Structures are given as C-alpha cells and as structure tokens.
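File shown here: start21.cif, holding mmCIF, C-alpha atoms.
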```cif
data_my_file
loop_
_atom_site.group_PDB
_atom_site.id
_atom_site.type_symbol
_atom_site.label_atom_id
_atom_site.label_comp_id
_atom_site.auth_asym_id
_atom_site.auth_seq_id
_atom_site.Cartn_x
_atom_site.Cartn_y
_atom_site.Cartn_z
ATOM 1 C CA MET O 447 188.776 -33.409 -115.285
ATOM 2 C CA ALA O 448 190.576 -33.021 -111.929
ATOM 3 C CA ALA O 449 187.262 -32.997 -110.068
ATOM 4 C CA ARG O 450 186.184 -36.247 -111.740
ATOM 5 C CA ILE O 451 189.500 -37.951 -110.975
ATOM 6 C CA ALA O 452 189.365 -36.782 -107.340
ATOM 7 C CA LYS O 453 185.821 -38.153 -107.041
ATOM 8 C CA GLU O 454 186.889 -41.456 -108.637
ATOM 9 C CA LEU O 455 189.851 -41.713 -106.252
ATOM 10 C CA ALA O 456 187.507 -41.320 -103.281
ATOM 11 C CA GLU O 457 185.210 -43.973 -104.777
ATOM 12 C CA ALA O 458 188.116 -46.390 -105.439
ATOM 13 C CA ARG O 459 189.377 -45.991 -101.865
ATOM 14 C CA GLN O 460 186.063 -47.451 -100.641
ATOM 15 C CA TRP O 461 186.645 -50.645 -102.632
ATOM 16 C CA GLY O 462 188.274 -53.490 -100.682
ATOM 17 C CA GLY O 463 190.419 -54.923 -103.487
ATOM 18 C CA ALA O 464 193.123 -52.265 -103.223
ATOM 19 C CA ARG O 465 194.933 -50.537 -100.370
ATOM 20 C CA GLU O 466 197.213 -47.545 -99.957
ATOM 21 C CA LEU O 467 195.523 -45.900 -102.944
ATOM 22 C CA ARG O 468 196.909 -42.387 -103.386
ATOM 23 C CA PRO O 469 198.189 -39.881 -105.940
ATOM 24 C CA LEU O 470 201.863 -40.424 -106.737
ATOM 25 C CA GLU O 471 204.135 -37.446 -106.135
ATOM 26 C CA GLY O 472 201.048 -35.284 -105.600
ATOM 27 C CA ASP O 473 199.861 -35.869 -109.188
ATOM 28 C CA LEU O 474 196.138 -36.656 -109.226
ATOM 29 C CA ARG O 475 196.547 -38.179 -112.707
ATOM 30 C CA ARG O 476 198.946 -40.875 -111.370
ATOM 31 C CA TRP O 477 197.683 -43.242 -108.688
ATOM 32 C CA GLY O 478 199.577 -45.912 -106.852
ATOM 33 C CA GLY O 479 198.466 -48.625 -104.502
ATOM 34 C CA LEU O 480 198.442 -52.311 -103.674
ATOM 35 C CA LEU O 481 196.154 -54.845 -105.329
ATOM 36 C CA LEU O 482 195.026 -57.735 -103.126
ATOM 37 C CA PRO O 483 194.213 -60.806 -105.213
ATOM 38 C CA ASN O 484 191.637 -63.256 -103.859
ATOM 39 C CA ASN O 485 192.792 -66.515 -105.436
ATOM 40 C CA PRO O 486 195.877 -68.710 -104.998
ATOM 41 C CA PRO O 487 198.714 -68.421 -105.578
ATOM 42 C CA TYR O 488 198.594 -64.633 -105.827
ATOM 43 C CA ASN O 489 196.470 -64.144 -102.695
ATOM 44 C CA THR O 490 199.509 -64.738 -100.476
ATOM 45 C CA GLY O 491 200.900 -61.343 -101.475
ATOM 46 C CA ALA O 492 200.059 -57.812 -102.536
ATOM 47 C CA PHE O 493 201.016 -56.275 -105.870
ATOM 48 C CA ARG O 494 201.958 -52.640 -106.302
ATOM 49 C CA PHE O 495 200.331 -50.950 -109.296
ATOM 50 C CA GLU O 496 200.166 -47.592 -110.999
ATOM 51 C CA LEU O 497 197.143 -46.172 -112.797
ATOM 52 C CA THR O 498 197.866 -43.215 -115.083
ATOM 53 C CA PHE O 499 195.219 -40.932 -116.557
ATOM 54 C CA SER O 500 195.519 -38.811 -119.699
ATOM 55 C CA PRO O 501 195.123 -35.033 -119.401
ATOM 56 C CA HIS O 502 192.020 -35.619 -121.556
ATOM 57 C CA HIS O 503 190.474 -38.220 -119.240
ATOM 58 C CA PRO O 504 187.898 -39.730 -119.548
ATOM 59 C CA LEU O 505 188.086 -39.690 -123.363
ATOM 60 C CA PRO O 506 191.175 -41.925 -123.624
ATOM 61 C CA PRO O 507 191.465 -44.890 -121.237
ATOM 62 C CA PRO O 508 193.797 -44.892 -118.240
ATOM 63 C CA CYS O 509 196.870 -47.098 -118.316
ATOM 64 C CA ALA O 510 197.416 -49.720 -115.598
ATOM 65 C CA THR O 511 200.905 -51.029 -114.856
ATOM 66 C CA LEU O 512 201.987 -53.545 -112.237
ATOM 67 C CA ARG O 513 205.133 -52.444 -110.417
ATOM 68 C CA THR O 514 205.546 -55.754 -108.557
ATOM 69 C CA SER O 515 206.888 -58.647 -110.614
ATOM 70 C CA ILE O 516 204.291 -61.374 -111.202
ATOM 71 C CA TYR O 517 204.382 -64.766 -112.912
ATOM 72 C CA HIS O 518 201.267 -64.349 -115.047
ATOM 73 C CA PRO O 519 200.517 -64.789 -118.765
ATOM 74 C CA GLY O 520 198.502 -61.552 -118.913
ATOM 75 C CA VAL O 521 201.296 -59.333 -117.540
ATOM 76 C CA ASP O 522 204.550 -58.735 -119.396
ATOM 77 C CA PRO O 523 207.956 -58.377 -117.683
ATOM 78 C CA ASP O 524 207.589 -54.561 -117.716
ATOM 79 C CA GLY O 525 204.268 -54.745 -115.862
ATOM 80 C CA ARG O 526 202.024 -53.939 -118.826
ATOM 81 C CA VAL O 527 198.728 -55.781 -118.599
ATOM 82 C CA CYS O 528 196.435 -57.357 -121.173
ATOM 83 C CA GLN O 529 193.299 -55.488 -120.187
ATOM 84 C CA PRO O 530 190.709 -55.268 -122.994
ATOM 85 C CA LEU O 531 188.556 -52.908 -120.907
ATOM 86 C CA THR O 532 191.181 -50.175 -121.324
ATOM 87 C CA SER O 533 191.926 -50.812 -124.991
ATOM 88 C CA THR O 534 190.936 -48.041 -127.381
ATOM 89 C CA GLN O 535 188.510 -50.462 -129.097
ATOM 90 C CA HIS O 536 186.575 -51.209 -125.893
ATOM 91 C CA TRP O 537 186.986 -48.064 -123.789
ATOM 92 C CA VAL O 538 183.828 -46.170 -122.889
ATOM 93 C CA PRO O 539 184.298 -42.739 -121.219
ATOM 94 C CA THR O 540 181.627 -43.552 -118.607
ATOM 95 C CA THR O 541 183.822 -46.368 -117.233
ATOM 96 C CA ARG O 542 184.958 -45.543 -113.702
ATOM 97 C CA ALA O 543 188.496 -45.985 -112.385
ATOM 98 C CA VAL O 544 187.257 -48.464 -109.770
ATOM 99 C CA GLN O 545 185.919 -50.626 -112.623
ATOM 100 C CA VAL O 546 189.380 -50.582 -114.217
ATOM 101 C CA LEU O 547 190.904 -51.710 -110.906
ATOM 102 C CA GLN O 548 188.251 -54.402 -110.452
ATOM 103 C CA ASP O 549 188.966 -55.681 -113.967
ATOM 104 C CA LEU O 550 192.696 -55.700 -113.234
ATOM 105 C CA LEU O 551 192.112 -57.720 -110.067
ATOM 106 C CA LEU O 552 189.912 -60.150 -112.003
ATOM 107 C CA LEU O 553 192.751 -60.589 -114.514
ATOM 108 C CA LEU O 554 195.187 -61.412 -111.699
ATOM 109 C CA ASP O 555 192.744 -63.779 -110.008
ATOM 110 C CA SER O 556 191.959 -65.714 -113.192
ATOM 111 C CA PRO O 557 194.904 -66.202 -115.564
ATOM 112 C CA ASP O 558 193.503 -66.745 -119.035
ATOM 113 C CA THR O 559 195.305 -68.308 -121.987
ATOM 114 C CA GLN O 560 193.337 -65.947 -124.285
ATOM 115 C CA ARG O 561 194.342 -62.640 -122.619
ATOM 116 C CA VAL O 562 198.067 -63.039 -123.121
ATOM 117 C CA LEU O 563 201.204 -60.922 -123.210
ATOM 118 C CA ARG O 564 203.552 -63.814 -122.381
ATOM 119 C CA GLN O 565 203.028 -66.728 -124.752
ATOM 120 C CA ASP O 566 205.507 -68.926 -122.865
ATOM 121 C CA LEU O 567 203.489 -68.702 -119.645
ATOM 122 C CA ALA O 568 200.198 -69.210 -121.482
ATOM 123 C CA ARG O 569 201.572 -72.395 -123.061
ATOM 124 C CA GLU O 570 202.865 -73.562 -119.693
ATOM 125 C CA LEU O 571 199.484 -72.876 -118.038
ATOM 126 C CA GLN O 572 197.706 -74.798 -120.789
ATOM 127 C CA ASP O 573 200.148 -77.713 -121.177
ATOM 128 C CA GLN O 574 201.642 -78.045 -117.685
ATOM 129 C CA PRO O 575 199.273 -76.364 -115.225
ATOM 130 C CA GLN O 576 200.910 -77.917 -112.135
ATOM 131 C CA VAL O 577 204.292 -76.487 -113.177
ATOM 132 C CA PHE O 578 202.757 -73.076 -113.887
ATOM 133 C CA TRP O 579 200.964 -72.879 -110.507
ATOM 134 C CA ARG O 580 204.070 -74.003 -108.599
ATOM 135 C CA ARG O 581 206.246 -71.397 -110.339
ATOM 136 C CA ALA O 582 203.605 -68.692 -109.828
ATOM 137 C CA GLU O 583 203.481 -69.548 -106.123
ATOM 138 C CA GLU O 584 207.287 -69.426 -105.806
ATOM 139 C CA HIS O 585 207.435 -66.133 -107.714
ATOM 140 C CA THR O 586 204.693 -64.614 -105.547
ATOM 141 C CA ARG O 587 206.492 -65.690 -102.375
ATOM 142 C CA ARG O 588 209.726 -64.142 -103.655
ATOM 143 C CA TYR O 589 208.513 -60.841 -105.164
ATOM 144 C CA ALA O 590 205.067 -59.882 -103.855
ATOM 145 C CA GLU O 591 204.751 -57.485 -100.957
ATOM 146 C CA GLN O 592 203.298 -58.535 -97.639
ATOM 147 C CA ARG O 593 199.538 -58.113 -97.514
ATOM 148 C CA PRO O 594 198.461 -55.281 -95.237
ATOM 149 C CA ASP O 595 196.272 -55.987 -92.246
ATOM 150 C CA PRO O 596 192.532 -55.737 -92.906
ATOM 151 C CA PRO O 597 191.077 -52.287 -92.198
ATOM 152 C CA GLY O 598 189.560 -51.779 -88.790
ATOM 153 C CA PRO O 599 185.815 -51.372 -88.191
#
```

Write-out of the structure in structure tokens:
Amino acid sequence: MAARIAKELAEARQWGGARELRPLEGDLRRWGGLLLPNNPPYNTGAFRFELTFSPHHPLPPPCATLRTSIYHPGVDPDGRVCQPLTSTQHWVPTTRAVQVLQDLLLLLDSPDTQRVLRQDLARELQDQPQVFWRRAEEHTRRYAEQRPDPPGP
C-alpha cells in the first residue's frame, strides 16, 4: 500500500493542476497541496486541499477536503466536496490519485447545480447567476491563496 501511494504521489506531482503536493506531517496517507483552477472566478487564486487515504487503500476511496474557503455549490462550509468519483457507489480501486485530483479540479472549474452540497448556492447559481459569480469572485479574492509562479523549464 505505501509503495502504491508513494508512486501515485510522484505521478500526481507531474500534473500541472496542483502545486506544493506533499505528505502532511510525514504521513504518506495524508497529502496536502494547492489546487489551481483554470476558470474564472476561481482561477485568480489557489485553494489548499487535503487528500486522505485509508490504511486499506485502494479498496476504499480517498477523501478530498478543501482547506481554503470557497463560494461553490459543490463544497460545503467544512470543505467536504461533492465528488461522485470517490463515492463508495462509483469508486474503482484502479482509479489513481491524480484522477481524483483532476476530478476535484474539474468540479471547481465547473460549478454544477446537480453536484450540490449547498442548496442555497445552487439556487443562486441557477436563478441569479450574475449574483453568484460576483460573490464567488469576491470570496475568492478574500480567501484564496496567491497562485504560485509557474514552474521553471
């Protein structure tokens, strides 16, 4: 299990959608890093996340949590995310950690009124999209971390 997680960490570090990817407190089963969304309004900041693996990984899915506050219908105030890929109904043990991170980034880039943990924000996005996007932009400016410089050649 540890060898697979170490290999997946090395693979995930090659992906450009996250930075500062590393084990937290030396625990290979807990990763931290910054997600770098591609689409407005979230692409003006970086969002700290944690990915936690079970001792029985890859049988149960990992758990992704955002540690940076975000104004998004698919993320609750505690940072839990609506991520079907990691639900017990959809999880497949051959899924790689980088795929989980890519799916998380896709969720952030494309708020969906069907993948919802915050009904109030989903209603706002559906009924008053201009208000939602303005508030999301203000929230991102206030809470997101500064995006790191692109990696060198």

Using only C-alpha atoms, which protein or nucleic acid residues come within 8 Å of Ala458 of chain O? Drop anything in the same chain fewer than 5 positions from it, and give the result as a CSV table (one decimal) with C-alpha atoms, keeping the file's coordinate frame.
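Printed below is result-v7.csv as written:
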```
chain,number,residue,atom,x,y,z
O,467,LEU,CA,195.5,-45.9,-102.9
O,543,ALA,CA,188.5,-46.0,-112.4
O,544,VAL,CA,187.3,-48.5,-109.8
```

Go ahead and fit an axis-aligned box to every listed atom of segment 564-570 of chain O plus 5 Å each side, and pass me the centre and edge lengths in Å, one decimal, as AutoDock Vina command-line options.
```
--center_x 202.9 --center_y -68.7 --center_z -122.2 --size_x 15.3 --size_y 19.7 --size_z 15.1
```

Compile a residue-level contact table for segment 474-524 of chain O against segment 592-595 of chain O at a cut-off of 10 Å, reporting for every qualifying residue the shortest atom pair and its distance in Å to one decimal, with all atoms listed in the file counted, rows ordered by chain and ascending number, as JSON lines.
```
{"residue": "O:Leu480", "atom": "CA", "partner": "O:Arg593", "partner_atom": "CA", "distance": 8.5}
{"residue": "O:Leu481", "atom": "CA", "partner": "O:Arg593", "partner_atom": "CA", "distance": 9.1}
{"residue": "O:Leu482", "atom": "CA", "partner": "O:Arg593", "partner_atom": "CA", "distance": 7.2}
{"residue": "O:Pro483", "atom": "CA", "partner": "O:Arg593", "partner_atom": "CA", "distance": 9.7}
{"residue": "O:Asn489", "atom": "CA", "partner": "O:Arg593", "partner_atom": "CA", "distance": 8.5}
{"residue": "O:Thr490", "atom": "CA", "partner": "O:Arg593", "partner_atom": "CA", "distance": 7.3}
{"residue": "O:Gly491", "atom": "CA", "partner": "O:Arg593", "partner_atom": "CA", "distance": 5.3}
{"residue": "O:Ala492", "atom": "CA", "partner": "O:Arg593", "partner_atom": "CA", "distance": 5.1}
{"residue": "O:Phe493", "atom": "CA", "partner": "O:Arg593", "partner_atom": "CA", "distance": 8.7}
```

Which polymer residues have any atom within 10 Å of an atom of Ser500 of chain O, counting only C-alpha atoms, with same-chain residues fewer than 5 positions away left out, as a ChimeraX atom specification? /O:447,475-476,505-509

Hey, which of O:Gln548, O:Thr532, O:Gln576, O:Asn484 ends up closest to Phe499 of chain O? Count all atoms listed in the file.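 Using all atoms listed in the file, Phe499 of chain O sits closest to O:Thr532.
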
Atom CA of Thr586 of chain O to atom CA of Ser515 of chain O: how many Å, to one decimal?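 Taking atom CA of Thr586 of chain O and atom CA of Ser515 of chain O, their separation equals 8.1 Å.
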
Using all atoms listed in the file: which of O:Asp524, O:Arg450, O:Phe578, O:Leu551 has the shortest distance to Pro539 of chain O: O:Arg450

Could you state the separation of atom CA of Glu471 of chain O and atom CA of Pro530 of chain O in Å, given to one decimal place?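 These two atoms are separated by 28.0 Å.
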
Name the residues captured by the PyMOL selection byres ((chain O and resi 466) around 9) when it is applied to the shown file; answer as an NGL selection string. :O and (459 or 464-465 or 467-468 or 478-480)

Identify which of the residues O:His585, O:Arg561, O:Arg569, O:Arg580 lies closest to Val521 of chain O, counting all atoms listed in the file when measuring atom-to-atom distances.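 Comparing O:His585, O:Arg561, O:Arg569, O:Arg580 against Val521 of chain O, the winner is O:Arg561.
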
Do a neighbour search on Leu554 of chain O at 8 Å with all atoms listed in the file, toss out local chain neighbours closer than 3 positions, and write the hits as number ranges by chain. O: 483, 488, 518, 520, 550-551, 557

Take the residues from that selection and put them in a file with C-alpha atoms, as a tab-separated table (two decimals), in the frame of the given file.
```tsv
chain	number	residue	atom	x	y	z
O	483	PRO	CA	194.21	-60.81	-105.21
O	488	TYR	CA	198.59	-64.63	-105.83
O	518	HIS	CA	201.27	-64.35	-115.05
O	520	GLY	CA	198.50	-61.55	-118.91
O	550	LEU	CA	192.70	-55.70	-113.23
O	551	LEU	CA	192.11	-57.72	-110.07
O	557	PRO	CA	194.90	-66.20	-115.56
```

List the spatial neighbours of Val562 of chain O as a PDB file with C-alpha atoms, in the frame of the given file - criterion: any atom at most 7 Å away, all atoms listed in the file, same-chain residues fewer than 4 positions off excluded.
```pdb
ATOM      1  CA  PRO O 519     200.517 -64.789-118.765  1.00  0.00           C
ATOM      2  CA  GLY O 520     198.502 -61.552-118.913  1.00  0.00           C
ATOM      3  CA  CYS O 528     196.435 -57.357-121.173  1.00  0.00           C
ATOM      4  CA  ALA O 568     200.198 -69.210-121.482  1.00  0.00           C
TER       5      ALA O 568
END
```

Need to verify the contact set: Pro523 of chain O, 10 Å, all atoms listed in the file, exclusion of same-chain residues closer than 2 positions in sequence. Can you return it as number ranges by chain? O: 512-519, 521, 525-527, 563-564

What's the separation between atom CA of Gly463 of chain O and atom CA of Leu531 of chain O, in Å to one decimal place? 17.6 Å

Rebuild segment 503-514 of chain O so that it carries all heavy atoms, then output the result as a PDB file, in the frame of the given file.
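Contents of out-v4.pdb, freshly written:
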```
ATOM      1  N   HIS O 503     191.353 -37.232-119.865  1.00  0.00           N
ATOM      2  CA  HIS O 503     190.474 -38.220-119.240  1.00  0.00           C
ATOM      3  C   HIS O 503     189.095 -37.614-119.044  1.00  0.00           C
ATOM      4  O   HIS O 503     188.996 -36.452-118.670  1.00  0.00           O
ATOM      5  CB  HIS O 503     191.055 -38.649-117.877  1.00  0.00           C
ATOM      6  CG  HIS O 503     190.232 -39.658-117.163  1.00  0.00           C
ATOM      7  ND1 HIS O 503     190.178 -40.968-117.543  1.00  0.00           N
ATOM      8  CD2 HIS O 503     189.396 -39.546-116.106  1.00  0.00           C
ATOM      9  CE1 HIS O 503     189.368 -41.630-116.743  1.00  0.00           C
ATOM     10  NE2 HIS O 503     188.872 -40.784-115.861  1.00  0.00           N
ATOM     11  N   PRO O 504     188.034 -38.295-119.331  1.00  0.00           N
ATOM     12  CA  PRO O 504     187.898 -39.730-119.548  1.00  0.00           C
ATOM     13  C   PRO O 504     187.848 -40.159-121.017  1.00  0.00           C
ATOM     14  O   PRO O 504     187.488 -41.296-121.304  1.00  0.00           O
ATOM     15  CB  PRO O 504     186.564 -40.036-118.877  1.00  0.00           C
ATOM     16  CG  PRO O 504     185.732 -38.826-119.193  1.00  0.00           C
ATOM     17  CD  PRO O 504     186.715 -37.672-119.126  1.00  0.00           C
ATOM     18  N   LEU O 505     188.196 -39.291-121.954  1.00  0.00           N
ATOM     19  CA  LEU O 505     188.086 -39.690-123.363  1.00  0.00           C
ATOM     20  C   LEU O 505     189.025 -40.844-123.702  1.00  0.00           C
ATOM     21  O   LEU O 505     188.571 -41.863-124.197  1.00  0.00           O
ATOM     22  CB  LEU O 505     188.276 -38.483-124.277  1.00  0.00           C
ATOM     23  CG  LEU O 505     187.226 -37.372-124.071  1.00  0.00           C
ATOM     24  CD1 LEU O 505     187.493 -36.197-124.990  1.00  0.00           C
ATOM     25  CD2 LEU O 505     185.823 -37.920-124.280  1.00  0.00           C
ATOM     26  N   PRO O 506     190.335 -40.732-123.447  1.00  0.00           N
ATOM     27  CA  PRO O 506     191.175 -41.925-123.624  1.00  0.00           C
ATOM     28  C   PRO O 506     191.208 -42.743-122.332  1.00  0.00           C
ATOM     29  O   PRO O 506     191.004 -42.197-121.237  1.00  0.00           O
ATOM     30  CB  PRO O 506     192.560 -41.358-123.945  1.00  0.00           C
ATOM     31  CG  PRO O 506     192.553 -39.962-123.445  1.00  0.00           C
ATOM     32  CD  PRO O 506     191.126 -39.528-123.292  1.00  0.00           C
ATOM     33  N   PRO O 507     191.451 -44.048-122.442  1.00  0.00           N
ATOM     34  CA  PRO O 507     191.465 -44.890-121.237  1.00  0.00           C
ATOM     35  C   PRO O 507     192.710 -44.645-120.387  1.00  0.00           C
ATOM     36  O   PRO O 507     193.751 -44.213-120.891  1.00  0.00           O
ATOM     37  CB  PRO O 507     191.489 -46.309-121.811  1.00  0.00           C
ATOM     38  CG  PRO O 507     192.106 -46.164-123.161  1.00  0.00           C
ATOM     39  CD  PRO O 507     191.679 -44.819-123.663  1.00  0.00           C
ATOM     40  N   PRO O 508     192.608 -44.935-119.087  1.00  0.00           N
ATOM     41  CA  PRO O 508     193.797 -44.892-118.240  1.00  0.00           C
ATOM     42  C   PRO O 508     194.697 -46.088-118.564  1.00  0.00           C
ATOM     43  O   PRO O 508     194.268 -47.040-119.222  1.00  0.00           O
ATOM     44  CB  PRO O 508     193.242 -44.987-116.817  1.00  0.00           C
ATOM     45  CG  PRO O 508     191.937 -45.683-116.983  1.00  0.00           C
ATOM     46  CD  PRO O 508     191.418 -45.321-118.338  1.00  0.00           C
ATOM     47  N   CYS O 509     195.906 -46.026-118.082  1.00  0.00           N
ATOM     48  CA  CYS O 509     196.870 -47.098-118.316  1.00  0.00           C
ATOM     49  C   CYS O 509     197.256 -47.703-116.968  1.00  0.00           C
ATOM     50  O   CYS O 509     197.729 -46.996-116.070  1.00  0.00           O
ATOM     51  CB  CYS O 509     198.106 -46.532-119.013  1.00  0.00           C
ATOM     52  SG  CYS O 509     199.396 -47.744-119.277  1.00  0.00           S
ATOM     53  N   ALA O 510     197.053 -49.013-116.833  1.00  0.00           N
ATOM     54  CA  ALA O 510     197.416 -49.720-115.598  1.00  0.00           C
ATOM     55  C   ALA O 510     198.730 -50.457-115.808  1.00  0.00           C
ATOM     56  O   ALA O 510     198.945 -51.090-116.847  1.00  0.00           O
ATOM     57  CB  ALA O 510     196.323 -50.713-115.225  1.00  0.00           C
ATOM     58  N   THR O 511     199.611 -50.354-114.823  1.00  0.00           N
ATOM     59  CA  THR O 511     200.905 -51.029-114.856  1.00  0.00           C
ATOM     60  C   THR O 511     201.156 -51.659-113.495  1.00  0.00           C
ATOM     61  O   THR O 511     200.948 -51.010-112.471  1.00  0.00           O
ATOM     62  CB  THR O 511     202.044 -50.018-115.140  1.00  0.00           C
ATOM     63  OG1 THR O 511     201.725 -49.270-116.313  1.00  0.00           O
ATOM     64  CG2 THR O 511     203.368 -50.718-115.333  1.00  0.00           C
ATOM     65  N   LEU O 512     201.584 -52.914-113.495  1.00  0.00           N
ATOM     66  CA  LEU O 512     201.987 -53.545-112.237  1.00  0.00           C
ATOM     67  C   LEU O 512     203.444 -53.206-111.985  1.00  0.00           C
ATOM     68  O   LEU O 512     204.281 -53.337-112.879  1.00  0.00           O
ATOM     69  CB  LEU O 512     201.818 -55.066-112.300  1.00  0.00           C
ATOM     70  CG  LEU O 512     200.414 -55.589-112.126  1.00  0.00           C
ATOM     71  CD1 LEU O 512     200.405 -57.108-112.098  1.00  0.00           C
ATOM     72  CD2 LEU O 512     199.767 -55.070-110.866  1.00  0.00           C
ATOM     73  N   ARG O 513     203.755 -52.785-110.793  1.00  0.00           N
ATOM     74  CA  ARG O 513     205.133 -52.444-110.417  1.00  0.00           C
ATOM     75  C   ARG O 513     205.800 -53.585-109.661  1.00  0.00           C
ATOM     76  O   ARG O 513     207.014 -53.582-109.492  1.00  0.00           O
ATOM     77  CB  ARG O 513     205.156 -51.169-109.571  1.00  0.00           C
ATOM     78  CG  ARG O 513     204.678 -49.947-110.330  1.00  0.00           C
ATOM     79  CD  ARG O 513     205.577 -49.671-111.487  1.00  0.00           C
ATOM     80  NE  ARG O 513     205.168 -48.503-112.251  1.00  0.00           N
ATOM     81  CZ  ARG O 513     205.425 -48.340-113.522  1.00  0.00           C
ATOM     82  NH1 ARG O 513     206.086 -49.266-114.192  1.00  0.00           N
ATOM     83  NH2 ARG O 513     205.029 -47.261-114.152  1.00  0.00           N
ATOM     84  N   THR O 514     205.018 -54.560-109.211  1.00  0.00           N
ATOM     85  CA  THR O 514     205.546 -55.754-108.557  1.00  0.00           C
ATOM     86  C   THR O 514     205.608 -56.857-109.604  1.00  0.00           C
ATOM     87  O   THR O 514     204.643 -57.089-110.326  1.00  0.00           O
ATOM     88  CB  THR O 514     204.617 -56.196-107.403  1.00  0.00           C
ATOM     89  OG1 THR O 514     204.450 -55.115-106.491  1.00  0.00           O
ATOM     90  CG2 THR O 514     205.182 -57.405-106.669  1.00  0.00           C
TER      91      THR O 514
END
```
